[in-house]
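The data block below is data-v4.json; it holds JSON, C-alpha atoms.
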[["chain", "number", "residue", "atom", "x", "y", "z"],
["Y", 12, "MET", "CA", -22.85, -2.38, 5.19],
["Y", 13, "GLN", "CA", -23.00, -5.66, 3.31],
["Y", 14, "ALA", "CA", -20.10, -8.07, 3.81],
["Y", 15, "PRO", "CA", -17.44, -7.99, 1.05],
["Y", 16, "LEU", "CA", -17.59, -10.53, -1.77],
["Y", 17, "PRO", "CA", -14.63, -12.76, -2.72],
["Y", 18, "TYR", "CA", -12.91, -12.56, -6.10],
["Y", 19, "LYS", "CA", -9.92, -14.59, -7.25],
["Y", 20, "LEU", "CA", -7.29, -13.57, -9.81],
["Y", 21, "PHE", "CA", -4.89, -16.40, -10.61],
["Y", 22, "ASP", "CA", -3.57, -17.46, -7.19],
["Y", 23, "GLN", "CA", -4.41, -14.12, -5.53],
["Y", 24, "ASN", "CA", -7.45, -13.61, -3.28],
["Y", 25, "PHE", "CA", -9.35, -10.33, -3.27],
["Y", 26, "TRP", "CA", -12.43, -8.99, -1.48],
["Y", 27, "VAL", "CA", -14.76, -6.53, -3.21],
["Y", 28, "SER", "CA", -16.30, -4.05, -0.77],
["Y", 29, "ALA", "CA", -19.38, -1.85, -0.99],
["Y", 30, "GLY", "CA", -17.15, 0.79, 0.59],
["Y", 31, "ARG", "CA", -15.53, 1.11, -2.87],
["Y", 32, "THR", "CA", -12.28, -0.59, -1.90],
["Y", 33, "LEU", "CA", -10.59, -3.81, -2.99],
["Y", 34, "TYR", "CA", -8.80, -5.81, -0.31],
["Y", 35, "TRP", "CA", -5.84, -7.88, -1.49],
["Y", 36, "GLU", "CA", -5.69, -10.68, 1.06],
["Y", 37, "ASN", "CA", -2.32, -12.15, 0.02],
["Y", 38, "GLU", "CA", -0.60, -8.76, 0.36],
["Y", 39, "LYS", "CA", -2.67, -7.53, 3.33],
["Y", 40, "ALA", "CA", -3.28, -4.42, 1.26],
["Y", 41, "LEU", "CA", -6.25, -2.16, 0.62],
["Y", 42, "VAL", "CA", -6.43, -0.93, -3.00],
["Y", 43, "VAL", "CA", -8.47, 2.17, -3.77],
["Y", 44, "SER", "CA", -8.75, 4.67, -6.61],
["Y", 45, "ASP", "CA", -9.81, 8.23, -7.39],
["Y", 46, "MET", "CA", -10.38, 9.64, -3.92],
["Y", 47, "HIS", "CA", -10.14, 13.23, -5.17],
["Y", 48, "PHE", "CA", -9.64, 14.58, -1.65],
["Y", 49, "GLY", "CA", -9.83, 18.37, -1.67],
["Y", 50, "LYS", "CA", -12.23, 18.57, -4.61],
["Y", 51, "THR", "CA", -15.09, 19.96, -2.53],
["Y", 52, "GLY", "CA", -12.77, 22.69, -1.22],
["Y", 53, "HIS", "CA", -11.93, 23.80, -4.75],
["Y", 54, "PHE", "CA", -15.63, 24.03, -5.57],
["Y", 55, "ARG", "CA", -16.19, 26.22, -2.53],
["Y", 56, "LYS", "CA", -13.32, 28.46, -3.61],
["Y", 57, "ALA", "CA", -15.13, 28.87, -6.92],
["Y", 58, "GLY", "CA", -18.29, 29.99, -5.09],
["Y", 59, "ILE", "CA", -20.14, 26.67, -5.43],
["Y", 60, "ALA", "CA", -21.59, 25.74, -2.04],
["Y", 61, "VAL", "CA", -20.49, 22.13, -1.67],
["Y", 62, "PRO", "CA", -20.51, 21.23, 2.05],
["Y", 63, "GLN", "CA", -17.27, 20.01, 3.63],
["Y", 64, "SER", "CA", -19.28, 17.12, 5.08],
["Y", 65, "VAL", "CA", -18.98, 15.40, 1.67],
["Y", 66, "TYR", "CA", -15.20, 15.18, 2.12],
["Y", 67, "MET", "CA", -15.47, 14.19, 5.79],
["Y", 68, "GLN", "CA", -17.84, 11.35, 4.93],
["Y", 69, "ASP", "CA", -15.36, 10.01, 2.36],
["Y", 70, "LEU", "CA", -12.54, 10.18, 4.90],
["Y", 71, "GLN", "CA", -14.65, 8.45, 7.55],
["Y", 72, "ARG", "CA", -15.53, 5.71, 5.07],
["Y", 73, "LEU", "CA", -11.84, 5.14, 4.41],
["Y", 74, "VAL", "CA", -11.25, 4.83, 8.15],
["Y", 75, "ALA", "CA", -14.10, 2.29, 8.36],
["Y", 76, "GLU", "CA", -12.56, 0.21, 5.55],
["Y", 77, "ILE", "CA", -9.16, 0.26, 7.25],
["Y", 78, "GLN", "CA", -10.69, -0.75, 10.57],
["Y", 79, "PHE", "CA", -12.59, -3.62, 8.94],
["Y", 80, "PHE", "CA", -9.73, -5.12, 6.90],
["Y", 81, "SER", "CA", -6.76, -4.09, 9.11],
["Y", 82, "PRO", "CA", -4.38, -3.74, 6.13],
["Y", 83, "GLU", "CA", -0.65, -3.28, 6.45],
["Y", 84, "CYS", "CA", -0.62, -1.08, 3.37],
["Y", 85, "VAL", "CA", -2.97, 1.17, 1.39],
["Y", 86, "TYR", "CA", -2.31, 1.43, -2.35],
["Y", 87, "VAL", "CA", -4.02, 4.34, -4.12],
["Y", 88, "VAL", "CA", -4.08, 3.85, -7.89],
["Y", 89, "GLY", "CA", -4.17, 7.54, -8.72],
["Y", 90, "ASP", "CA", -5.95, 10.79, -7.95],
["Y", 91, "LEU", "CA", -5.63, 10.75, -4.19],
["Y", 92, "PHE", "CA", -5.91, 14.54, -4.25],
["Y", 93, "HIS", "CA", -7.81, 16.62, -6.73],
["Y", 94, "SER", "CA", -5.44, 19.52, -7.38],
["Y", 95, "VAL", "CA", -3.33, 22.07, -5.47],
["Y", 96, "ALA", "CA", -3.28, 22.19, -1.68],
["Y", 97, "ASN", "CA", -6.19, 23.57, 0.34],
["Y", 98, "LYS", "CA", -7.52, 23.26, 3.91],
["Y", 99, "GLU", "CA", -8.93, 19.78, 3.30],
["Y", 100, "LEU", "CA", -5.41, 18.48, 2.67],
["Y", 101, "ASN", "CA", -4.42, 19.75, 6.11],
["Y", 102, "LEU", "CA", -7.22, 17.64, 7.56],
["Y", 103, "PHE", "CA", -5.86, 14.65, 5.66],
["Y", 104, "SER", "CA", -2.37, 15.24, 7.10],
["Y", 105, "ARG", "CA", -3.74, 15.14, 10.65],
["Y", 106, "TRP", "CA", -5.65, 11.96, 9.81],
["Y", 107, "ARG", "CA", -2.48, 10.44, 8.36],
["Y", 108, "ASP", "CA", -0.59, 11.16, 11.58],
["Y", 109, "ASP", "CA", -3.13, 9.08, 13.50],
["Y", 110, "LEU", "CA", -2.54, 6.10, 11.17],
["Y", 111, "SER", "CA", 1.19, 6.48, 10.65],
["Y", 112, "GLY", "CA", 1.74, 2.75, 11.25],
["Y", 113, "ILE", "CA", 0.07, 1.87, 7.94],
["Y", 114, "LYS", "CA", 2.17, 2.15, 4.80],
["Y", 115, "PHE", "CA", 0.56, 4.48, 2.27],
["Y", 116, "SER", "CA", 1.61, 4.33, -1.40],
["Y", 117, "LEU", "CA", 0.30, 6.50, -4.22],
["Y", 118, "ILE", "CA", 0.65, 5.59, -7.87],
["Y", 119, "LYS", "CA", 0.38, 9.10, -9.28],
["Y", 120, "GLY", "CA", -2.65, 10.05, -11.33],
["Y", 121, "ASN", "CA", -3.28, 13.02, -13.58],
["Y", 122, "HIS", "CA", -4.71, 15.05, -10.68],
["Y", 123, "ASP", "CA", -1.82, 14.37, -8.29],
["Y", 124, "ILE", "CA", 0.16, 17.56, -8.89],
["Y", 125, "LEU", "CA", 1.37, 18.52, -5.42],
["Y", 126, "LYS", "CA", 5.08, 18.96, -4.76],
["Y", 127, "GLU", "CA", 6.91, 15.76, -3.87],
["Y", 128, "SER", "CA", 7.93, 17.31, -0.56],
["Y", 129, "TRP", "CA", 4.27, 17.52, 0.47],
["Y", 130, "TYR", "CA", 3.71, 13.80, -0.12],
["Y", 131, "ALA", "CA", 6.88, 13.00, 1.83],
["Y", 132, "SER", "CA", 5.75, 15.14, 4.77],
["Y", 133, "ALA", "CA", 2.42, 13.26, 4.79],
["Y", 134, "GLY", "CA", 4.12, 9.87, 4.89],
["Y", 135, "ILE", "CA", 3.09, 8.93, 1.35],
["Y", 136, "ASP", "CA", 5.39, 6.88, -0.90],
["Y", 137, "LEU", "CA", 5.16, 8.05, -4.51],
["Y", 138, "VAL", "CA", 5.23, 5.75, -7.53],
["Y", 139, "LYS", "CA", 5.37, 7.51, -10.89],
["Y", 140, "ASP", "CA", 3.68, 5.15, -13.35],
["Y", 141, "GLY", "CA", 2.97, 1.69, -12.03],
["Y", 142, "LEU", "CA", 3.85, -0.87, -9.39],
["Y", 143, "SER", "CA", 4.14, -4.60, -10.11],
["Y", 144, "ILE", "CA", 3.44, -7.09, -7.31],
["Y", 145, "ASN", "CA", 3.23, -10.84, -7.96],
["Y", 146, "GLY", "CA", 2.69, -10.15, -11.65],
["Y", 147, "ILE", "CA", -0.18, -7.73, -11.03],
["Y", 148, "CYS", "CA", 0.37, -4.14, -12.14],
["Y", 149, "LEU", "CA", -1.20, -1.33, -10.12],
["Y", 150, "THR", "CA", -1.54, 1.86, -12.15],
["Y", 151, "HIS", "CA", -3.84, 4.84, -12.64],
["Y", 152, "ASP", "CA", -4.16, 4.61, -16.41],
["Y", 153, "ASN", "CA", -3.99, 1.05, -17.73],
["Y", 154, "ASP", "CA", -1.94, 2.19, -20.74],
["Y", 155, "ASN", "CA", 1.02, 2.84, -18.42],
["Y", 156, "CYS", "CA", 1.78, -0.79, -17.59],
["Y", 157, "ALA", "CA", 2.08, -1.66, -21.25],
["Y", 158, "THR", "CA", 4.85, 0.92, -21.68],
["Y", 159, "ILE", "CA", 6.86, 0.54, -18.45],
["Y", 160, "GLY", "CA", 9.90, -1.44, -19.53],
["Y", 161, "TYR", "CA", 11.42, -1.96, -16.09],
["Y", 162, "LEU", "CA", 8.25, -3.64, -14.84],
["Y", 163, "LYS", "CA", 8.28, -6.18, -17.62],
["Y", 164, "GLY", "CA", 12.00, -6.60, -17.11],
["Y", 165, "SER", "CA", 11.51, -7.68, -13.51],
["Y", 166, "GLN", "CA", 8.56, -10.02, -13.92],
["Y", 167, "GLU", "CA", 5.79, -10.83, -16.34],
["Y", 168, "ILE", "CA", 2.66, -8.72, -15.91],
["Y", 169, "ARG", "CA", -0.31, -11.07, -15.83],
["Y", 170, "TYR", "CA", -3.01, -8.58, -14.90],
["Y", 171, "THR", "CA", -3.56, -4.84, -14.42],
["Y", 172, "ILE", "CA", -5.62, -3.03, -11.78],
["Y", 173, "SER", "CA", -6.35, 0.60, -12.61],
["Y", 174, "GLY", "CA", -8.74, 3.49, -12.00],
["Y", 175, "HIS", "CA", -9.08, 6.83, -13.81],
["Y", 176, "ILE", "CA", -12.36, 6.38, -15.70],
["Y", 177, "HIS", "CA", -14.78, 6.08, -12.73],
["Y", 178, "PRO", "CA", -16.65, 3.07, -14.16],
["Y", 179, "GLY", "CA", -20.41, 2.73, -13.87],
["Y", 180, "VAL", "CA", -22.94, 0.19, -15.11],
["Y", 181, "THR", "CA", -26.51, 0.85, -16.23],
["Y", 182, "VAL", "CA", -29.14, -1.22, -14.46],
["Y", 183, "LYS", "CA", -32.60, -1.30, -16.08],
["Y", 184, "GLY", "CA", -35.92, -1.74, -14.27],
["Y", 185, "LEU", "CA", -39.60, -1.78, -15.08],
["Y", 186, "GLY", "CA", -41.23, 1.02, -17.04],
["Y", 187, "ARG", "CA", -38.06, 1.83, -18.99],
["Y", 188, "GLN", "CA", -36.38, 3.01, -15.79],
["Y", 189, "SER", "CA", -32.60, 2.88, -15.65],
["Y", 190, "LEU", "CA", -29.93, 3.84, -13.17],
["Y", 191, "CYS", "CA", -26.15, 4.13, -13.58],
["Y", 192, "LEU", "CA", -24.35, 2.70, -10.55],
["Y", 193, "PRO", "CA", -20.62, 2.89, -9.78],
["Y", 194, "CYS", "CA", -19.01, -0.49, -10.24],
["Y", 195, "PHE", "CA", -15.94, -2.70, -10.16],
["Y", 196, "TYR", "CA", -15.05, -4.02, -13.61],
["Y", 197, "PHE", "CA", -12.96, -7.18, -14.07],
["Y", 198, "GLY", "CA", -12.01, -8.13, -17.63],
["Y", 199, "ASP", "CA", -9.73, -10.89, -18.86],
["Y", 200, "SER", "CA", -6.55, -8.84, -18.30],
["Y", 201, "LEU", "CA", -7.71, -5.59, -16.67],
["Y", 202, "ALA", "CA", -9.71, -4.47, -13.64],
["Y", 203, "VAL", "CA", -10.99, -0.91, -13.21],
["Y", 204, "LEU", "CA", -11.91, 0.24, -9.72],
["Y", 205, "PRO", "CA", -14.78, 2.63, -8.96],
["Y", 206, "ALA", "CA", -14.03, 6.16, -7.83],
["Y", 207, "PHE", "CA", -13.82, 6.11, -4.05],
["Y", 208, "SER", "CA", -15.22, 9.62, -3.73],
["Y", 209, "HIS", "CA", -18.98, 10.05, -3.89],
["Y", 210, "PHE", "CA", -18.33, 13.48, -5.43],
["Y", 211, "THR", "CA", -17.51, 12.17, -8.91],
["Y", 212, "GLY", "CA", -19.36, 11.15, -12.04],
["Y", 213, "THR", "CA", -19.28, 7.77, -13.77],
["Y", 214, "ALA", "CA", -18.37, 6.52, -17.23],
["Y", 215, "ASN", "CA", -20.63, 3.73, -18.46],
["Y", 216, "VAL", "CA", -18.89, 0.43, -19.19],
["Y", 217, "ARG", "CA", -20.32, -2.26, -21.42],
["Y", 218, "PRO", "CA", -19.27, -5.69, -20.21],
["Y", 219, "GLU", "CA", -18.49, -8.42, -22.69],
["Y", 220, "ALA", "CA", -18.95, -12.15, -22.26],
["Y", 221, "GLY", "CA", -16.74, -13.40, -19.45],
["Y", 222, "ASP", "CA", -16.35, -10.01, -17.75],
["Y", 223, "SER", "CA", -17.31, -9.62, -14.08],
["Y", 224, "ILE", "CA", -19.19, -6.57, -12.83],
["Y", 225, "PHE", "CA", -19.88, -5.68, -9.20],
["Y", 226, "ALA", "CA", -22.32, -2.76, -8.88],
["Y", 227, "ILE", "CA", -22.47, -0.58, -5.76],
["Y", 228, "ALA", "CA", -25.94, 0.39, -4.58],
["Y", 229, "GLY", "CA", -25.67, 2.35, -1.36],
["Y", 230, "ASN", "CA", -24.24, -0.03, 1.25],
["Y", 231, "LYS", "CA", -24.72, -3.09, -0.93],
["Y", 232, "ILE", "CA", -22.48, -4.77, -3.48],
["Y", 233, "ILE", "CA", -24.27, -6.66, -6.26],
["Y", 234, "ARG", "CA", -22.60, -9.04, -8.67],
["Y", 235, "ILE", "CA", -24.22, -8.46, -12.05],
["Y", 236, "SER", "CA", -22.12, -10.73, -14.23]]

Let me see whether you can do it: turn the structure in this file into structure tokens.
Amino acid sequence: MQAPLPYKLFDQNFWVSAGRTLYWENEKALVVSDMHFGKTGHFRKAGIAVPQSVYMQDLQRLVAEIQFFSPECVYVVGDLFHSVANKELNLFSRWRDDLSGIKFSLIKGNHDILKESWYASAGIDLVKDGLSINGICLTHDNDNCATIGYLKGSQEIRYTISGHIHPGVTVKGLGRQSLCLPCFYFGDSLAVLPAFSHFTGTANVRPEAGDSIFAIAGNKIIRIS
């Protein structure tokens, strides 16, 4: 896999990875969004033959990112799990036991509907709407940080990092060919992370002047703007 690329926000240093994670160097934290663990299991329950290997590959990729960056904490900005519990969540619990020394925090997304007791048993700290660190708000839906009064009461929010929309960017080639690739989007006040899971779609983003886009093409990360 290609080496991560550096990106700076104010006085904070980040690394953009082709593994669909963002490493926050100052906080020694891995930030990731929209894992949707358990989604393949729900498809199989519905009679759609999605192999469990899709989920296992996502989990192994997360392990590889943790081994590479050695974070002290993993922040998930929403949709860690896809829906109600299934067998794939039991596999996650066993994986979590093996990495119990790493703090794991989940800013709840619209798909995170498990009982709070399940998250506690898996060693996951829950955050309802958003988490502010050094003036940077971590949230699932970027609208949340604009409405969370206690965050603004504690410190000014300078920037927001969110997920939710599964951003993608269209890359055009010869012969009118085009391809939509998952991407990291960095605007003037908001970043949107790509869906970590390969088993998701993308929503096309249209960058404006001054925006930064990092497209993911297989094991490569490409800065487009």

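Taking atom CA of Y:Ala228 and atom CA of Y:Phe48 as the two end points, the separation is 21.8 Å.
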
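Separating atom CA of Y:Ser223 from atom CA of Y:Phe197 is a distance of 5.0 Å.
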
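If you measure from each of Y:Ser189, Y:Ser132, Y:Asn153, Y:Ser200 to Y:Tyr170 using only C-alpha atoms, the closest one turns out to be Y:Ser200.
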
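Here atom CA of Y:Leu102 is placed at a distance of 21.8 Å from atom CA of Y:Ser81.
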
Q.
Excluding stretch 70-80 of chain Y and its own-chain neighbours fewer than 2 positions away, which residues fall within 10 Å of it when counting only C-alpha atoms? Please give them as a ChimeraX atom specification.
A. /Y:26,28-36,39-41,43,46,48,64-68,82-85,102-103,106,110,113,207-208

Q: Would you kindly return, as a PyMOL selection string, each protein, DNA or RNA residue with an atom no farther than 7 Å from any atom of Y:Val138, considering all atoms listed in the file and excluding same-chain residues fewer than 6 positions away?
A: chain Y and resi 117-119

Go ahead and write the residues just picked, C-alpha atoms, as a JSON list (two decimals), keeping the file's coordinate frame.
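Written file, again.json:
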[["chain", "number", "residue", "atom", "x", "y", "z"],
["Y", 117, "LEU", "CA", 0.30, 6.50, -4.22],
["Y", 118, "ILE", "CA", 0.65, 5.59, -7.87],
["Y", 119, "LYS", "CA", 0.38, 9.10, -9.28]]

Q) Around (-1.4, 17.1, 4.3) in the file's own coordinates, what residues are found within 8 Å if you use all atoms listed in the file, given back as a PyMOL selection string? A) chain Y and resi 100-105+107+129-130+132-133
